[in-house]
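Student: I'd like to ask some things about the structure below.
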Amino acid sequence: GENVEQHPSTLSVQEGDSAVIKCTYSDSASNYFPWYKQELGKGPQLIIDIRSNVGEKKDQRIAVTLNKTAKHFSLHITETQPEDSAVYFCAASKGSNYQLIWGAGTKLIIKP
Amino acid sequence: DSGVTQTPKHLITATGQRVTLRCSPRSGDLSVYWYQQSLDQGLQFLIQYYNGEERAKGNILERFSAQQFPDLHSELNLSSLELGDSALYFCASSLGTSGANEQFFGPGTRLTVL
């Protein structure tokens, strides 16, 4: 079955710097790749997603890139701010009638 | 606010006991998912219901069971509780059954087994 690996498990960056979290997936039929952010004491929330017909998607300071050949996708956060501190989860799905497979999560720490 | 509600917020109980966690999905959502998140762990998918029917099963123990009622709220029953069952339990809802539907998470129920 599908497997999603996420790295690193913890990432510490200086405020204002960029952060990159990478995920790899095993099933080449996967076509939907969301990223969820979990703030302390809350449930995860979708922040951005990308489908396999697109190579990159941006939303203000966050972007996701997808490399279908290498079967990996990455979350990029630029100009990091204290409120970016959270746990980030990547996931992958083959779409209709298939489950979302989750990565293990990355704890992002923004140092002041 | 995601629109998903979970009760209770906190639950403290003893080993061997049984508890019920409740979830009300977002208005209009037909799918409900249950997840377990232990300390410093990722999200472990337990089970999914769609419009009252079990849709998918993940790593759910036999001591755990769930159901979705006609009004679409869902309950997760945990029995013969062990210390290792202490965790955050999240409910999420989505419009349909596709893995490409956005999942909206509730605030979670923190279960402590003493």
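Chain labels follow the order of the structure tokens: the first chain is A, the next B, and so on; residue numbering restarts at 1 in every chain, and ligands are counted from 1 in their shown order.
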Residues of chain A within 9 Å of chain B, using only C-alpha atoms, as a PyMOL selection string?

Tutor: chain A and resi 31-34+41-46+89+92-105

Student: Would you mind exporting the chosen residues as a tab-separated table (two decimals), in the first residue's frame, restricted to C-alpha atoms?

Tutor:
chain	number	residue	atom	x	y	z
A	31	ASN	CA	-2.62	12.45	-7.29
A	32	TYR	CA	-3.56	14.65	-4.35
A	33	PHE	CA	-1.11	16.03	-1.79
A	34	PRO	CA	-2.34	18.23	1.06
A	41	GLY	CA	-3.81	22.36	21.53
A	42	LYS	CA	-5.74	22.30	18.26
A	43	GLY	CA	-6.69	19.90	15.52
A	44	PRO	CA	-4.87	19.94	12.18
A	45	GLN	CA	-6.03	22.41	9.54
A	46	LEU	CA	-5.48	22.32	5.79
A	89	PHE	CA	1.68	16.97	8.31
A	92	ALA	CA	-1.14	11.67	-0.14
A	93	SER	CA	-4.18	10.13	-1.77
A	94	LYS	CA	-5.18	8.48	-5.02
A	95	GLY	CA	-8.45	10.41	-4.91
A	96	SER	CA	-11.95	9.01	-5.00
A	97	ASN	CA	-12.52	5.88	-2.95
A	98	TYR	CA	-9.00	5.97	-1.52
A	99	GLN	CA	-7.88	7.01	1.91
A	100	LEU	CA	-5.58	9.85	2.79
A	101	ILE	CA	-2.20	8.47	3.90
A	102	TRP	CA	-0.44	10.70	6.42
A	103	GLY	CA	3.21	11.47	7.03
A	104	ALA	CA	4.59	11.32	10.57
A	105	GLY	CA	4.70	15.09	11.04

Student: Which residues are close to stretch 7-21 of chain B, i.e. within 10 Å by only C-alpha atoms, leaving aside same-chain residues fewer than 6 positions away? Reply as a ChimeraX atom specification.

Tutor: /B:63-66,74-86,88-91,106-114

Student: Once you have the residues from the selection above, write them out as a PDB file, in the first residue's frame, restricted to N, CA and C atoms.

Tutor:
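Saved as selection-v4.pdb:
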ATOM      1  N   ARG B  63     -10.762  -3.624  20.896  1.00  0.00           N
ATOM      2  CA  ARG B  63     -11.401  -3.054  22.080  1.00  0.00           C
ATOM      3  C   ARG B  63     -12.109  -1.730  21.755  1.00  0.00           C
ATOM      4  N   PHE B  64     -11.842  -1.208  20.575  1.00  0.00           N
ATOM      5  CA  PHE B  64     -12.438   0.059  20.173  1.00  0.00           C
ATOM      6  C   PHE B  64     -13.524  -0.201  19.134  1.00  0.00           C
ATOM      7  N   SER B  65     -14.569   0.589  19.183  1.00  0.00           N
ATOM      8  CA  SER B  65     -15.606   0.492  18.157  1.00  0.00           C
ATOM      9  C   SER B  65     -16.201   1.869  17.937  1.00  0.00           C
ATOM     10  N   ALA B  66     -16.860   2.033  16.823  1.00  0.00           N
ATOM     11  CA  ALA B  66     -17.457   3.327  16.510  1.00  0.00           C
ATOM     12  C   ALA B  66     -18.755   3.108  15.770  1.00  0.00           C
ATOM     13  N   SER B  74     -21.229  10.966  15.472  1.00  0.00           N
ATOM     14  CA  SER B  74     -20.527   9.699  15.614  1.00  0.00           C
ATOM     15  C   SER B  74     -20.033   9.539  17.043  1.00  0.00           C
ATOM     16  N   GLU B  75     -19.913   8.307  17.456  1.00  0.00           N
ATOM     17  CA  GLU B  75     -19.360   7.996  18.763  1.00  0.00           C
ATOM     18  C   GLU B  75     -18.255   6.958  18.620  1.00  0.00           C
ATOM     19  N   LEU B  76     -17.200   7.164  19.398  1.00  0.00           N
ATOM     20  CA  LEU B  76     -16.090   6.215  19.463  1.00  0.00           C
ATOM     21  C   LEU B  76     -16.094   5.610  20.860  1.00  0.00           C
ATOM     22  N   ASN B  77     -16.252   4.305  20.926  1.00  0.00           N
ATOM     23  CA  ASN B  77     -16.291   3.596  22.195  1.00  0.00           C
ATOM     24  C   ASN B  77     -14.962   2.895  22.442  1.00  0.00           C
ATOM     25  N   LEU B  78     -14.383   3.154  23.602  1.00  0.00           N
ATOM     26  CA  LEU B  78     -13.112   2.548  23.974  1.00  0.00           C
ATOM     27  C   LEU B  78     -13.350   1.728  25.240  1.00  0.00           C
ATOM     28  N   SER B  79     -13.051   0.443  25.194  1.00  0.00           N
ATOM     29  CA  SER B  79     -13.330  -0.408  26.346  1.00  0.00           C
ATOM     30  C   SER B  79     -12.059  -1.088  26.843  1.00  0.00           C
ATOM     31  N   SER B  80     -12.162  -1.665  28.040  1.00  0.00           N
ATOM     32  CA  SER B  80     -11.020  -2.344  28.685  1.00  0.00           C
ATOM     33  C   SER B  80      -9.773  -1.489  28.579  1.00  0.00           C
ATOM     34  N   LEU B  81      -9.910  -0.239  28.973  1.00  0.00           N
ATOM     35  CA  LEU B  81      -8.855   0.749  28.752  1.00  0.00           C
ATOM     36  C   LEU B  81      -7.545   0.366  29.415  1.00  0.00           C
ATOM     37  N   GLU B  82      -6.469   0.666  28.705  1.00  0.00           N
ATOM     38  CA  GLU B  82      -5.112   0.428  29.195  1.00  0.00           C
ATOM     39  C   GLU B  82      -4.388   1.764  29.263  1.00  0.00           C
ATOM     40  N   LEU B  83      -3.281   1.778  30.017  1.00  0.00           N
ATOM     41  CA  LEU B  83      -2.505   3.018  30.164  1.00  0.00           C
ATOM     42  C   LEU B  83      -2.102   3.574  28.802  1.00  0.00           C
ATOM     43  N   GLY B  84      -1.772   2.680  27.891  1.00  0.00           N
ATOM     44  CA  GLY B  84      -1.321   3.085  26.561  1.00  0.00           C
ATOM     45  C   GLY B  84      -2.395   3.705  25.691  1.00  0.00           C
ATOM     46  N   ASP B  85      -3.634   3.676  26.149  1.00  0.00           N
ATOM     47  CA  ASP B  85      -4.716   4.302  25.378  1.00  0.00           C
ATOM     48  C   ASP B  85      -4.793   5.796  25.638  1.00  0.00           C
ATOM     49  N   SER B  86      -4.027   6.265  26.615  1.00  0.00           N
ATOM     50  CA  SER B  86      -3.987   7.700  26.897  1.00  0.00           C
ATOM     51  C   SER B  86      -3.472   8.427  25.664  1.00  0.00           C
ATOM     52  N   LEU B  88      -4.678  11.894  22.590  1.00  0.00           N
ATOM     53  CA  LEU B  88      -5.670  12.816  22.043  1.00  0.00           C
ATOM     54  C   LEU B  88      -6.436  12.081  20.952  1.00  0.00           C
ATOM     55  N   TYR B  89      -7.741  12.169  21.002  1.00  0.00           N
ATOM     56  CA  TYR B  89      -8.565  11.549  19.973  1.00  0.00           C
ATOM     57  C   TYR B  89      -9.259  12.659  19.190  1.00  0.00           C
ATOM     58  N   PHE B  90      -8.987  12.660  17.880  1.00  0.00           N
ATOM     59  CA  PHE B  90      -9.576  13.670  17.012  1.00  0.00           C
ATOM     60  C   PHE B  90     -10.649  13.047  16.129  1.00  0.00           C
ATOM     61  N   CYS B  91     -11.653  13.828  15.915  1.00  0.00           N
ATOM     62  CA  CYS B  91     -12.669  13.522  14.928  1.00  0.00           C
ATOM     63  C   CYS B  91     -12.504  14.541  13.799  1.00  0.00           C
ATOM     64  N   GLY B 106     -11.964  18.467  14.559  1.00  0.00           N
ATOM     65  CA  GLY B 106     -12.458  19.028  15.800  1.00  0.00           C
ATOM     66  C   GLY B 106     -11.309  19.350  16.740  1.00  0.00           C
ATOM     67  N   PRO B 107     -11.621  19.885  17.917  1.00  0.00           N
ATOM     68  CA  PRO B 107     -10.581  20.284  18.869  1.00  0.00           C
ATOM     69  C   PRO B 107      -9.970  19.116  19.634  1.00  0.00           C
ATOM     70  N   GLY B 108     -10.574  17.939  19.517  1.00  0.00           N
ATOM     71  CA  GLY B 108     -10.009  16.757  20.167  1.00  0.00           C
ATOM     72  C   GLY B 108     -10.556  16.505  21.560  1.00  0.00           C
ATOM     73  N   THR B 109     -10.435  15.242  21.964  1.00  0.00           N
ATOM     74  CA  THR B 109     -10.724  14.836  23.342  1.00  0.00           C
ATOM     75  C   THR B 109      -9.448  14.247  23.909  1.00  0.00           C
ATOM     76  N   ARG B 110      -9.006  14.802  25.033  1.00  0.00           N
ATOM     77  CA  ARG B 110      -7.799  14.271  25.671  1.00  0.00           C
ATOM     78  C   ARG B 110      -8.211  13.227  26.688  1.00  0.00           C
ATOM     79  N   LEU B 111      -7.807  11.993  26.431  1.00  0.00           N
ATOM     80  CA  LEU B 111      -8.120  10.870  27.322  1.00  0.00           C
ATOM     81  C   LEU B 111      -6.900  10.532  28.159  1.00  0.00           C
ATOM     82  N   THR B 112      -7.091  10.496  29.460  1.00  0.00           N
ATOM     83  CA  THR B 112      -6.033  10.077  30.377  1.00  0.00           C
ATOM     84  C   THR B 112      -6.508   8.844  31.114  1.00  0.00           C
ATOM     85  N   VAL B 113      -5.759   7.763  31.005  1.00  0.00           N
ATOM     86  CA  VAL B 113      -6.087   6.512  31.687  1.00  0.00           C
ATOM     87  C   VAL B 113      -5.093   6.322  32.833  1.00  0.00           C
ATOM     88  N   LEU B 114      -5.600   6.265  34.048  1.00  0.00           N
ATOM     89  CA  LEU B 114      -4.729   6.154  35.232  1.00  0.00           C
ATOM     90  C   LEU B 114      -4.703   4.728  35.776  1.00  0.00           C
TER      91      LEU B 114
END

Student: Could you name the residues that touch A:Ser18 at 10 Å or less, counting only C-alpha atoms, but leaving out those on the same chain fewer than 5 positions away, as a VMD selection string?

Tutor: chain A and resid 13 61 to 62 76 to 81

Student: Okay, now the selection with C-alpha atoms, as a PDB file, in the first residue's frame?

Tutor:
ATOM      1  CA  VAL A  13      14.891  27.969  11.948  1.00  0.00           C
ATOM      2  CA  ARG A  61       4.382  32.903   2.169  1.00  0.00           C
ATOM      3  CA  ILE A  62       3.745  29.211   1.665  1.00  0.00           C
ATOM      4  CA  HIS A  76       8.228  25.878   1.577  1.00  0.00           C
ATOM      5  CA  ILE A  77       7.613  28.640   4.093  1.00  0.00           C
ATOM      6  CA  THR A  78       9.390  31.934   3.471  1.00  0.00           C
ATOM      7  CA  GLU A  79      10.000  34.813   5.904  1.00  0.00           C
ATOM      8  CA  THR A  80       9.039  32.612   8.846  1.00  0.00           C
ATOM      9  CA  GLN A  81       7.192  34.198  11.750  1.00  0.00           C
TER      10      GLN A  81
END

Student: So which residues touch B:Ser93 within 8 Å, counting only C-alpha atoms, skipping near sequence neighbours fewer than 3 positions away, as a list in words?

Tutor: Val4, Pro25, Arg26, Asp29, Leu30, Ser31, Val32, Tyr33, Gln103, Phe104 and Phe105 of chain B

Student: I need the chosen residues saved as an mmCIF file, in the first residue's frame, with all heavy atoms.

Tutor:
data_model
loop_
_atom_site.group_PDB
_atom_site.id
_atom_site.type_symbol
_atom_site.label_atom_id
_atom_site.label_comp_id
_atom_site.auth_asym_id
_atom_site.auth_seq_id
_atom_site.Cartn_x
_atom_site.Cartn_y
_atom_site.Cartn_z
ATOM 1 N N VAL B 4 -16.622 21.438 13.553
ATOM 2 C CA VAL B 4 -16.704 20.089 14.108
ATOM 3 C C VAL B 4 -16.613 20.201 15.632
ATOM 4 O O VAL B 4 -15.698 20.851 16.150
ATOM 5 C CB VAL B 4 -15.556 19.199 13.584
ATOM 6 C CG1 VAL B 4 -15.620 17.812 14.212
ATOM 7 C CG2 VAL B 4 -15.614 19.116 12.066
ATOM 8 N N PRO B 25 -20.258 16.308 13.186
ATOM 9 C CA PRO B 25 -19.532 16.815 12.009
ATOM 10 C C PRO B 25 -20.020 18.194 11.598
ATOM 11 O O PRO B 25 -21.031 18.693 12.095
ATOM 12 C CB PRO B 25 -19.871 15.789 10.928
ATOM 13 C CG PRO B 25 -21.209 15.267 11.326
ATOM 14 C CD PRO B 25 -21.213 15.267 12.823
ATOM 15 N N ARG B 26 -19.278 18.801 10.699
ATOM 16 C CA ARG B 26 -19.658 20.067 10.101
ATOM 17 C C ARG B 26 -20.973 19.895 9.368
ATOM 18 O O ARG B 26 -21.238 18.824 8.775
ATOM 19 C CB ARG B 26 -18.576 20.453 9.091
ATOM 20 C CG ARG B 26 -18.105 21.858 9.064
ATOM 21 C CD ARG B 26 -16.889 21.959 8.166
ATOM 22 N NE ARG B 26 -17.086 21.306 6.886
ATOM 23 C CZ ARG B 26 -17.021 21.922 5.710
ATOM 24 N NH1 ARG B 26 -16.778 23.219 5.673
ATOM 25 N NH2 ARG B 26 -17.174 21.253 4.604
ATOM 26 N N ASP B 29 -21.529 17.747 6.017
ATOM 27 C CA ASP B 29 -20.520 16.697 5.806
ATOM 28 C C ASP B 29 -21.108 15.335 6.134
ATOM 29 O O ASP B 29 -21.781 15.164 7.150
ATOM 30 C CB ASP B 29 -19.286 16.951 6.676
ATOM 31 C CG ASP B 29 -18.413 18.062 6.129
ATOM 32 O OD1 ASP B 29 -18.705 18.559 5.019
ATOM 33 O OD2 ASP B 29 -17.435 18.421 6.806
ATOM 34 N N LEU B 30 -20.827 14.362 5.291
ATOM 35 C CA LEU B 30 -21.364 13.022 5.480
ATOM 36 C C LEU B 30 -20.326 12.034 6.016
ATOM 37 O O LEU B 30 -20.696 10.975 6.518
ATOM 38 C CB LEU B 30 -21.915 12.493 4.146
ATOM 39 C CG LEU B 30 -23.071 13.299 3.534
ATOM 40 C CD1 LEU B 30 -23.468 12.695 2.195
ATOM 41 C CD2 LEU B 30 -24.264 13.353 4.476
ATOM 42 N N SER B 31 -19.060 12.358 5.865
ATOM 43 C CA SER B 31 -17.991 11.471 6.342
ATOM 44 C C SER B 31 -17.463 11.927 7.683
ATOM 45 O O SER B 31 -17.267 13.129 7.909
ATOM 46 C CB SER B 31 -16.818 11.463 5.354
ATOM 47 O OG SER B 31 -16.983 10.488 4.370
ATOM 48 N N VAL B 32 -17.200 10.944 8.546
ATOM 49 C CA VAL B 32 -16.566 11.209 9.834
ATOM 50 C C VAL B 32 -15.372 10.272 9.967
ATOM 51 O O VAL B 32 -15.467 9.083 9.660
ATOM 52 C CB VAL B 32 -17.552 10.978 10.999
ATOM 53 C CG1 VAL B 32 -16.805 10.981 12.328
ATOM 54 C CG2 VAL B 32 -18.632 12.049 11.010
ATOM 55 N N TYR B 33 -14.268 10.829 10.414
ATOM 56 C CA TYR B 33 -13.041 10.063 10.631
ATOM 57 C C TYR B 33 -12.650 10.170 12.097
ATOM 58 O O TYR B 33 -12.829 11.221 12.719
ATOM 59 C CB TYR B 33 -11.879 10.635 9.803
ATOM 60 C CG TYR B 33 -12.152 10.825 8.335
ATOM 61 C CD1 TYR B 33 -12.906 11.902 7.877
ATOM 62 C CD2 TYR B 33 -11.623 9.944 7.389
ATOM 63 C CE1 TYR B 33 -13.145 12.093 6.528
ATOM 64 C CE2 TYR B 33 -11.853 10.128 6.032
ATOM 65 C CZ TYR B 33 -12.614 11.206 5.615
ATOM 66 O OH TYR B 33 -12.842 11.387 4.271
ATOM 67 N N GLN B 103 -10.389 17.565 5.016
ATOM 68 C CA GLN B 103 -10.895 17.093 6.294
ATOM 69 C C GLN B 103 -10.849 18.243 7.294
ATOM 70 O O GLN B 103 -9.840 18.934 7.416
ATOM 71 C CB GLN B 103 -10.070 15.911 6.808
ATOM 72 C CG GLN B 103 -10.222 14.675 5.934
ATOM 73 C CD GLN B 103 -9.539 13.461 6.507
ATOM 74 O OE1 GLN B 103 -9.295 13.372 7.715
ATOM 75 N NE2 GLN B 103 -9.233 12.496 5.659
ATOM 76 N N PHE B 104 -11.941 18.415 8.003
ATOM 77 C CA PHE B 104 -12.061 19.467 9.022
ATOM 78 C C PHE B 104 -12.019 18.787 10.389
ATOM 79 O O PHE B 104 -12.847 17.929 10.682
ATOM 80 C CB PHE B 104 -13.365 20.240 8.831
ATOM 81 C CG PHE B 104 -13.412 20.997 7.533
ATOM 82 C CD1 PHE B 104 -13.854 20.381 6.373
ATOM 83 C CD2 PHE B 104 -13.005 22.324 7.466
ATOM 84 C CE1 PHE B 104 -13.884 21.061 5.162
ATOM 85 C CE2 PHE B 104 -13.027 23.023 6.270
ATOM 86 C CZ PHE B 104 -13.468 22.388 5.115
ATOM 87 N N PHE B 105 -11.036 19.178 11.188
ATOM 88 C CA PHE B 105 -10.807 18.519 12.460
ATOM 89 C C PHE B 105 -11.476 19.253 13.616
ATOM 90 O O PHE B 105 -11.511 20.492 13.657
ATOM 91 C CB PHE B 105 -9.305 18.441 12.756
ATOM 92 C CG PHE B 105 -8.603 17.365 11.974
ATOM 93 C CD1 PHE B 105 -8.289 17.544 10.631
ATOM 94 C CD2 PHE B 105 -8.259 16.160 12.577
ATOM 95 C CE1 PHE B 105 -7.639 16.555 9.906
ATOM 96 C CE2 PHE B 105 -7.602 15.169 11.870
ATOM 97 C CZ PHE B 105 -7.307 15.366 10.530
#

Student: What's around A:Asn67 at 9 Å? Count only C-alpha atoms, leave out sequence neighbours fewer than 6 positions away in its own chain, and write the answer as a PyMOL selection string.

Tutor: chain A and resi 52+55+73-74

Student: Any chance you could export the current selection's N, CA and C atoms as a PDB file, in the first residue's frame?

Tutor:
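File produced: again.pdb:
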ATOM      1  N   SER A  52      -1.807  16.425  -8.947  1.00  0.00           N
ATOM      2  CA  SER A  52      -0.681  15.933  -9.748  1.00  0.00           C
ATOM      3  C   SER A  52      -0.544  16.598 -11.097  1.00  0.00           C
ATOM      4  N   GLY A  55       2.784  21.542 -10.916  1.00  0.00           N
ATOM      5  CA  GLY A  55       4.101  21.334 -10.344  1.00  0.00           C
ATOM      6  C   GLY A  55       4.374  22.195  -9.123  1.00  0.00           C
ATOM      7  N   PHE A  73       7.232  15.636  -2.672  1.00  0.00           N
ATOM      8  CA  PHE A  73       6.646  16.970  -2.652  1.00  0.00           C
ATOM      9  C   PHE A  73       7.118  17.680  -1.390  1.00  0.00           C
ATOM     10  N   SER A  74       7.184  18.986  -1.475  1.00  0.00           N
ATOM     11  CA  SER A  74       7.783  19.765  -0.388  1.00  0.00           C
ATOM     12  C   SER A  74       6.938  20.987  -0.056  1.00  0.00           C
TER      13      SER A  74
END

Student: Using only C-alpha atoms, which residues sit within 10 Å of A:Ile110 once same-chain residues fewer than 5 positions away are excluded, as a list of chain:residue names?

Tutor: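 Answer for this query is A:Leu11, A:Ser12, A:Val13, A:Gln14, A:Glu15, A:Gly16, A:Asp17, A:Ala19, A:Thr80, A:Gln81, A:Pro82, A:Glu83, A:Asp84, A:Ser85, A:Ala86.
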
Student: How would you write, as number ranges by chain, the set of residues in stretch 59-109 of chain A that DSSP gives as strand (DSSP E or B)?

Tutor: A: 59, 62-67, 72-77, 86-93, 101-102, 106-109

Student: Write the residues of the selection above to a file with N, CA and C atoms, as a tab-separated table (two decimals), in the first residue's frame.

Tutor:
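Final file, part.tsv:
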chain	number	residue	atom	x	y	z
A	59	ASP	N	0.70	30.31	-1.99
A	59	ASP	CA	-0.32	31.08	-1.28
A	59	ASP	C	0.41	31.96	-0.29
A	62	ILE	N	3.58	30.66	1.75
A	62	ILE	CA	3.74	29.21	1.67
A	62	ILE	C	3.61	28.74	0.22
A	63	ALA	N	4.34	27.69	-0.09
A	63	ALA	CA	4.29	27.11	-1.43
A	63	ALA	C	4.51	25.61	-1.30
A	64	VAL	N	3.96	24.88	-2.25
A	64	VAL	CA	4.20	23.45	-2.30
A	64	VAL	C	4.69	23.12	-3.71
A	65	THR	N	5.71	22.27	-3.78
A	65	THR	CA	6.22	21.82	-5.07
A	65	THR	C	6.05	20.31	-5.15
A	66	LEU	N	5.85	19.82	-6.35
A	66	LEU	CA	5.63	18.40	-6.58
A	66	LEU	C	6.54	17.91	-7.69
A	67	ASN	N	7.25	16.84	-7.42
A	67	ASN	CA	8.09	16.20	-8.43
A	67	ASN	C	7.55	14.78	-8.60
A	72	HIS	N	8.19	12.96	-4.86
A	72	HIS	CA	8.29	13.72	-3.62
A	72	HIS	C	7.67	15.09	-3.79
A	73	PHE	N	7.23	15.64	-2.67
A	73	PHE	CA	6.65	16.97	-2.65
A	73	PHE	C	7.12	17.68	-1.39
A	74	SER	N	7.18	18.99	-1.48
A	74	SER	CA	7.78	19.76	-0.39
A	74	SER	C	6.94	20.99	-0.06
A	75	LEU	N	7.01	21.35	1.21
A	75	LEU	CA	6.37	22.58	1.70
A	75	LEU	C	7.46	23.60	1.94
A	76	HIS	N	7.27	24.79	1.40
A	76	HIS	CA	8.23	25.88	1.58
A	76	HIS	C	7.52	27.03	2.29
A	77	ILE	N	8.14	27.47	3.38
A	77	ILE	CA	7.61	28.64	4.09
A	77	ILE	C	8.71	29.70	4.07
A	86	ALA	N	4.57	25.17	14.72
A	86	ALA	CA	3.47	24.20	14.74
A	86	ALA	C	4.01	22.85	14.27
A	87	VAL	N	3.13	21.86	14.25
A	87	VAL	CA	3.46	20.58	13.63
A	87	VAL	C	2.80	20.56	12.26
A	88	TYR	N	3.56	20.19	11.24
A	88	TYR	CA	3.06	20.14	9.88
A	88	TYR	C	3.00	18.69	9.41
A	89	PHE	N	1.87	18.32	8.83
A	89	PHE	CA	1.68	16.97	8.31
A	89	PHE	C	1.49	17.04	6.80
A	90	CYS	N	2.19	16.17	6.08
A	90	CYS	CA	1.90	15.98	4.67
A	90	CYS	C	1.04	14.72	4.53
A	91	ALA	N	0.40	14.57	3.40
A	91	ALA	CA	-0.43	13.40	3.15
A	91	ALA	C	-0.53	13.18	1.65
A	92	ALA	N	-0.97	11.99	1.26
A	92	ALA	CA	-1.14	11.67	-0.14
A	92	ALA	C	-2.36	10.79	-0.32
A	93	SER	N	-3.00	10.94	-1.48
A	93	SER	CA	-4.18	10.13	-1.77
A	93	SER	C	-4.28	9.89	-3.27
A	101	ILE	N	-3.30	9.08	3.16
A	101	ILE	CA	-2.20	8.47	3.90
A	101	ILE	C	-1.32	9.59	4.44
A	102	TRP	N	-1.10	9.57	5.75
A	102	TRP	CA	-0.44	10.70	6.42
A	102	TRP	C	1.05	10.44	6.66
A	106	THR	N	6.15	17.01	11.12
A	106	THR	CA	7.38	17.78	11.36
A	106	THR	C	7.07	18.89	12.34
A	107	LYS	N	7.83	18.92	13.43
A	107	LYS	CA	7.66	20.00	14.40
A	107	LYS	C	8.55	21.16	13.97
A	108	LEU	N	7.94	22.28	13.60
A	108	LEU	CA	8.69	23.46	13.16
A	108	LEU	C	8.79	24.44	14.32
A	109	ILE	N	10.02	24.80	14.66
A	109	ILE	CA	10.28	25.75	15.74
A	109	ILE	C	10.89	26.99	15.14

Student: Atom CA of A:Lys22 and atom CA of B:Gln36 are how many Å apart?

Tutor: 23.4 Å

Student: Could you check how far atom CA of B:Gln67 sits from atom CA of B:Glu53, in Å to one decimal?

Tutor: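 According to the coordinates, atom CA of B:Gln67 and atom CA of B:Glu53 are separated by 8.0 Å.
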
Student: How many Å lie between atom CA of A:Tyr25 and atom CA of B:Gln37, rounded to one decimal?

Tutor: 21.6 Å
